[in-house]
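What follows is the content of model16.csv, which has CSV, C-alpha atoms:
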```csv
chain,number,residue,atom,x,y,z
A,1290,MET,CA,0.0,0.0,0.0
A,1291,LYS,CA,2.8,2.4,0.9
A,1292,GLU,CA,4.4,2.1,-2.6
A,1293,LYS,CA,1.0,2.6,-4.3
A,1294,LEU,CA,0.4,5.7,-2.2
A,1295,GLU,CA,3.9,7.1,-3.0
A,1296,ASP,CA,3.4,6.5,-6.7
A,1297,TYR,CA,0.0,8.2,-6.6
A,1298,LEU,CA,1.4,11.2,-4.8
A,1299,LYS,CA,4.3,11.5,-7.2
A,1300,SER,CA,2.0,11.6,-10.2
A,1301,LEU,CA,-0.6,13.9,-8.7
A,1302,LYS,CA,-0.8,17.3,-10.4
A,1303,LEU,CA,-2.4,19.8,-8.1
A,1304,LYS,CA,-4.5,22.4,-9.9
A,1305,ILE,CA,-5.6,25.5,-7.9
A,1306,SER,CA,-8.7,26.8,-9.6
A,1307,GLU,CA,-10.8,29.8,-8.8
A,1308,ASP,CA,-13.1,29.4,-5.8
A,1309,THR,CA,-16.6,29.5,-7.0
A,1310,ARG,CA,-18.3,29.2,-3.6
A,1311,GLU,CA,-20.3,32.1,-2.2
A,1312,PRO,CA,-18.2,34.8,-0.5
A,1313,TRP,CA,-17.6,34.4,3.3
A,1314,ASP,CA,-19.8,37.5,4.0
A,1315,VAL,CA,-22.7,36.0,2.2
A,1316,TYR,CA,-22.2,32.6,3.8
A,1317,PHE,CA,-22.2,34.0,7.3
A,1318,MET,CA,-25.1,36.3,6.6
A,1319,ARG,CA,-27.1,33.3,5.4
A,1320,ILE,CA,-26.4,31.6,8.7
A,1321,ALA,CA,-27.6,34.7,10.6
A,1322,LEU,CA,-30.8,34.6,8.5
A,1323,LEU,CA,-31.3,31.0,9.6
A,1324,VAL,CA,-30.5,31.8,13.3
A,1325,ARG,CA,-33.1,34.5,13.4
A,1326,GLU,CA,-35.8,31.9,12.7
A,1327,ARG,CA,-35.6,30.9,16.4
A,1328,SER,CA,-36.9,34.3,17.4
A,1329,SER,CA,-40.4,34.6,18.8
A,1330,CYS,CA,-40.7,38.3,18.2
A,1331,PHE,CA,-43.8,39.5,16.5
A,1332,HIS,CA,-42.3,42.5,14.8
A,1333,ARG,CA,-38.6,42.0,13.9
A,1334,LYS,CA,-36.8,38.7,13.9
A,1335,VAL,CA,-33.1,39.3,14.1
A,1336,GLY,CA,-30.1,36.9,14.0
A,1337,ALA,CA,-26.5,37.5,14.8
A,1338,VAL,CA,-23.3,35.4,14.2
A,1339,ILE,CA,-19.9,36.3,15.7
A,1340,VAL,CA,-17.0,35.1,13.5
A,1341,LYS,CA,-13.2,35.2,13.8
A,1342,ARG,CA,-10.9,33.9,11.1
A,1343,ASN,CA,-13.9,32.5,9.3
A,1344,ARG,CA,-14.9,30.4,12.3
A,1345,ILE,CA,-18.2,30.8,14.1
A,1346,LEU,CA,-17.7,31.8,17.8
A,1347,SER,CA,-21.3,32.3,18.8
A,1348,THR,CA,-24.8,33.0,17.6
A,1349,GLY,CA,-27.8,34.8,18.9
A,1350,TYR,CA,-31.3,35.9,18.1
A,1351,ASN,CA,-33.7,38.3,19.8
A,1352,GLN,CA,-35.6,36.6,22.6
A,1353,PRO,CA,-36.4,37.0,26.3
A,1354,PRO,CA,-33.8,35.9,28.9
A,1355,SER,CA,-33.6,32.1,29.6
A,1356,GLY,CA,-36.5,30.9,31.6
A,1357,PHE,CA,-38.7,33.9,30.9
A,1358,PRO,CA,-41.8,33.4,28.7
A,1359,HIS,CA,-41.4,34.2,25.1
A,1360,CYS,CA,-43.4,37.0,23.4
A,1361,ASP,CA,-45.7,34.5,21.6
A,1362,GLN,CA,-46.7,33.2,25.1
A,1363,ILE,CA,-46.9,36.4,27.2
A,1364,GLY,CA,-47.5,39.1,24.5
A,1365,CYS,CA,-45.5,42.1,23.5
A,1366,ILE,CA,-45.0,44.8,26.2
A,1367,ARG,CA,-44.1,47.3,23.5
A,1368,ASP,CA,-47.4,46.7,21.7
A,1369,ASP,CA,-49.3,46.9,25.1
A,1370,LEU,CA,-47.6,50.3,25.8
A,1371,GLY,CA,-47.8,51.7,22.3
A,1372,ILE,CA,-44.0,52.1,21.8
A,1373,LYS,CA,-42.9,52.7,18.3
A,1374,SER,CA,-40.0,50.9,16.6
A,1375,GLY,CA,-36.6,52.5,17.2
A,1376,GLU,CA,-37.8,54.1,20.4
A,1377,ASN,CA,-37.2,53.1,24.0
A,1378,GLN,CA,-35.3,49.9,23.2
A,1379,GLU,CA,-34.9,49.2,26.9
A,1380,VAL,CA,-38.6,48.6,27.2
A,1381,CYS,CA,-38.8,45.1,25.9
A,1382,TYR,CA,-38.8,41.6,27.4
A,1383,ALA,CA,-36.2,40.4,24.9
A,1384,LEU,CA,-32.5,40.8,24.5
A,1385,HIS,CA,-31.3,41.8,21.1
A,1386,ALA,CA,-29.6,39.2,18.9
A,1387,GLU,CA,-26.2,40.9,19.2
A,1388,GLN,CA,-26.6,41.0,23.0
A,1389,ASN,CA,-27.5,37.3,23.0
A,1390,ALA,CA,-24.5,36.4,20.8
A,1391,LEU,CA,-22.2,38.4,23.0
A,1392,MET,CA,-23.6,36.8,26.2
A,1393,GLN,CA,-23.2,33.3,24.8
A,1394,ALA,CA,-19.6,34.0,23.9
A,1395,ALA,CA,-19.0,35.4,27.5
A,1396,ARG,CA,-20.9,32.5,29.1
A,1397,PHE,CA,-18.5,30.0,27.5
A,1398,GLY,CA,-15.3,32.0,27.8
A,1399,ILE,CA,-15.0,32.8,24.1
A,1400,ALA,CA,-13.0,36.0,23.3
A,1401,THR,CA,-14.5,38.3,20.7
A,1402,GLU,CA,-11.5,40.7,20.3
A,1403,GLY,CA,-10.9,41.4,16.6
A,1404,ALA,CA,-14.0,39.5,15.5
A,1405,THR,CA,-16.7,40.3,12.9
A,1406,ILE,CA,-20.4,40.2,13.8
A,1407,TYR,CA,-23.0,39.5,11.1
A,1408,VAL,CA,-26.4,40.8,11.9
A,1409,THR,CA,-29.6,40.7,9.9
A,1410,HIS,CA,-30.4,44.3,11.0
A,1411,LYS,CA,-28.0,47.2,11.7
A,1412,PRO,CA,-27.4,47.3,15.5
A,1413,CYS,CA,-29.1,49.8,17.7
A,1414,SER,CA,-26.9,52.2,19.7
A,1415,VAL,CA,-27.1,50.1,22.8
A,1416,CYS,CA,-25.8,47.1,21.0
A,1417,ALA,CA,-23.2,49.2,19.2
A,1418,ARG,CA,-21.8,50.2,22.6
A,1419,LEU,CA,-21.6,46.5,23.6
A,1420,ILE,CA,-20.0,45.5,20.3
A,1421,ILE,CA,-17.4,48.2,20.7
A,1422,ASN,CA,-16.5,47.2,24.2
A,1423,ALA,CA,-16.4,43.5,23.2
A,1424,GLY,CA,-13.6,44.4,20.8
A,1425,ILE,CA,-15.5,43.5,17.7
A,1426,LYS,CA,-13.9,45.4,14.8
A,1427,ARG,CA,-16.3,44.8,11.9
A,1428,VAL,CA,-20.1,44.8,11.7
A,1429,VAL,CA,-21.9,43.4,8.6
A,1430,TYR,CA,-25.6,43.9,8.4
A,1431,LEU,CA,-28.4,43.3,5.9
A,1432,GLU,CA,-31.3,45.6,6.8
A,1433,ASP,CA,-31.2,49.2,8.2
A,1434,TYR,CA,-32.3,50.2,11.6
A,1435,PRO,CA,-33.5,53.7,12.6
A,1436,ASP,CA,-30.8,54.7,15.1
A,1437,PRO,CA,-28.3,57.4,13.8
A,1438,LEU,CA,-26.3,57.2,17.1
A,1439,THR,CA,-25.0,53.8,15.9
A,1440,ASP,CA,-23.2,55.3,12.9
A,1441,PHE,CA,-21.7,58.0,15.1
A,1442,LEU,CA,-20.4,55.5,17.7
A,1443,PHE,CA,-18.9,53.1,15.1
A,1444,LYS,CA,-17.3,55.9,13.2
A,1445,SER,CA,-15.9,57.5,16.3
A,1446,THR,CA,-14.3,54.3,17.6
A,1447,GLY,CA,-13.0,52.9,14.3
A,1448,VAL,CA,-15.4,50.0,14.0
A,1449,ASN,CA,-15.9,49.1,10.3
A,1450,PHE,CA,-19.6,48.7,9.5
A,1451,GLU,CA,-21.1,47.9,6.2
A,1452,ARG,CA,-24.4,46.9,4.7
A,1453,LEU,CA,-24.2,43.7,2.7
A,1454,ASP,CA,-26.0,43.6,-0.7
A,1455,MET,CA,-26.8,39.9,-1.2
A,1456,GLY,CA,-29.2,40.5,-4.0
A,1457,ARG,CA,-32.8,39.5,-3.6
A,1458,GLY,CA,-32.5,36.4,-5.7
A,1459,LYS,CA,-29.9,34.8,-3.4
A,1460,LEU,CA,-31.8,34.6,-0.2
```
Let me see the structure of the file written as structure tokens.
Amino acid sequence: MKEKLEDYLKSLKLKISEDTREPWDVYFMRIALLVRERSSCFHRKVGAVIVKRNRILSTGYNQPPSGFPHCDQIGCIRDDLGIKSGENQEVCYALHAEQNALMQAARFGIATEGATIYVTHKPCSVCARLIINAGIKRVVYLEDYPDPLTDFLFKSTGVNFERLDMGRGKL
């Protein structure tokens, strides 16, 4: 067997061809889109994936804390109080997807310094502050979110943030 293997390896001609797989950003965003399906939010399902050197560190989606009833069981406090989207983010039973992904990494002792976070929606300014202090250096998002303070915080602290155009036919 050894001689057969050696002969095979000697005759093998390696050809490096162009990589035709989808780009890493699209790949990880597709995973974030899948992760968001676990959300029980009535209004905005959001998924997040934290990645470093093209390896997934943690994931998260918007949901109440562990052990607390989900919105589809208890109802939406924001609806009950008439709070508009983009306002008073703190009045909600749920953690945001980014918060959940960061907490999962922390819970299991996973460092996020220098990582990228893929989020289906641009982070709010509360999540932006957490992302900055977690050492995440790049944010890739798909859908916009109405919080101009996010842009200011990311620009002021050197966090690269970009909206990904995946094209409507690829989702």
* Residues within 7 Å of range 1344-1349 of chain A, all atoms listed in the file, excluding chain neighbours under 5 positions, as a list in words ->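 After dropping sequence-adjacent residues, the list is Val1324, Gly1336, Ala1337, Val1338, Ile1339, Ala1386, Glu1387, Asn1389, Ala1390, Gln1393, Ala1394 and Ile1399 of chain A.
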* CA of Cys1330 in chain A and CA of Thr1401 in chain A, how far apart in Å? ->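 So the answer is 26.3 Å.
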* **From A:Asp1369, A:Glu1402, A:Glu1311, A:Asp1361, residue lying nearest Lys1341 in chain A [all atoms listed in the file]** =>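 Of all the options, A:Glu1402 lies closest to Lys1341 in chain A.
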* Which residues come within 10 Å of His1332 in chain A, counting only C-alpha atoms, excluding same-chain residues fewer than 6 positions away, as a PyMOL selection string? -> chain A and resi 1365+1368+1374
Write out as JSON lines the residues of range 1308-1384 of chain A that have any atom within 12 Å of an atom of range 1433-1444 of chain A, one row each with the nearest atom pair and its distance in Å to one decimal, counting all atoms listed in the file, sorted by chain and then rising number.
```
{"residue": "A:Arg1333", "atom": "CA", "partner": "A:Tyr1434", "partner_atom": "CA", "distance": 10.6}
{"residue": "A:Val1335", "atom": "CA", "partner": "A:Tyr1434", "partner_atom": "CA", "distance": 11.2}
{"residue": "A:Lys1373", "atom": "CA", "partner": "A:Pro1435", "partner_atom": "CA", "distance": 11.0}
{"residue": "A:Ser1374", "atom": "CA", "partner": "A:Pro1435", "partner_atom": "CA", "distance": 8.1}
{"residue": "A:Gly1375", "atom": "CA", "partner": "A:Pro1435", "partner_atom": "CA", "distance": 5.7}
{"residue": "A:Glu1376", "atom": "CA", "partner": "A:Asp1436", "partner_atom": "CA", "distance": 8.8}
{"residue": "A:Asn1377", "atom": "CA", "partner": "A:Asp1436", "partner_atom": "CA", "distance": 11.1}
{"residue": "A:Gln1378", "atom": "CA", "partner": "A:Asp1436", "partner_atom": "CA", "distance": 10.4}
```
Taking C-alpha atoms for each residue, export the selection above as an mmCIF file, in the frame of the given file.
```cif
data_model
loop_
_atom_site.group_PDB
_atom_site.id
_atom_site.type_symbol
_atom_site.label_atom_id
_atom_site.label_comp_id
_atom_site.auth_asym_id
_atom_site.auth_seq_id
_atom_site.Cartn_x
_atom_site.Cartn_y
_atom_site.Cartn_z
ATOM 1 C CA ARG A 1333 -38.600 42.000 13.900
ATOM 2 C CA VAL A 1335 -33.100 39.300 14.100
ATOM 3 C CA LYS A 1373 -42.900 52.700 18.300
ATOM 4 C CA SER A 1374 -40.000 50.900 16.600
ATOM 5 C CA GLY A 1375 -36.600 52.500 17.200
ATOM 6 C CA GLU A 1376 -37.800 54.100 20.400
ATOM 7 C CA ASN A 1377 -37.200 53.100 24.000
ATOM 8 C CA GLN A 1378 -35.300 49.900 23.200
#
```
* **Atomic distance CA of Arg1427 in chain A - CA of Asn1449 in chain A, expressed in Å with one decimal** => 4.6 Å
* Asked: Smallest atom-to-atom distance to Lys1334 in chain A: which of A:Trp1313, A:Thr1405, A:Val1429, A:Cys1360, using all atoms listed in the file?
  ->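 Nearest to Lys1334 in chain A: A:Cys1360.
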* Asked: Just how far from CA of Ile1320 in chain A is CA of Leu1453 in chain A, in Å to one decimal?
  ->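 Atom-to-atom, CA of Leu1453 in chain A to CA of Ile1320 in chain A, that is 13.7 Å.
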* Structure fact -> With distances taken over only C-alpha atoms, the candidate from A:His1410, A:Arg1310, A:Ile1366, A:Lys1291 nearest Asn1351 in chain A is A:His1410
* Structure fact -> Counting all atoms listed in the file, the residue among A:Lys1293, A:Ala1395, A:Ser1328, A:Asp1314 that lies closest to Asp1454 in chain A is A:Asp1314
* Compute the distance from (-12.8, 43.4, 24.9) to each atom, counting all atoms listed in the file, keep the residues with any atom at most 10 Å away, and return them as a ChimeraX atom specification; use the coordinates of the file. => /A:1400-1403,1419-1425
* Pick from A:Ile1363, A:Leu1431, A:Ile1305, A:Ile1372 nearest to Tyr1407 in chain A, counting only C-alpha atoms ->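 Smallest separation from Tyr1407 in chain A among the options: A:Leu1431.
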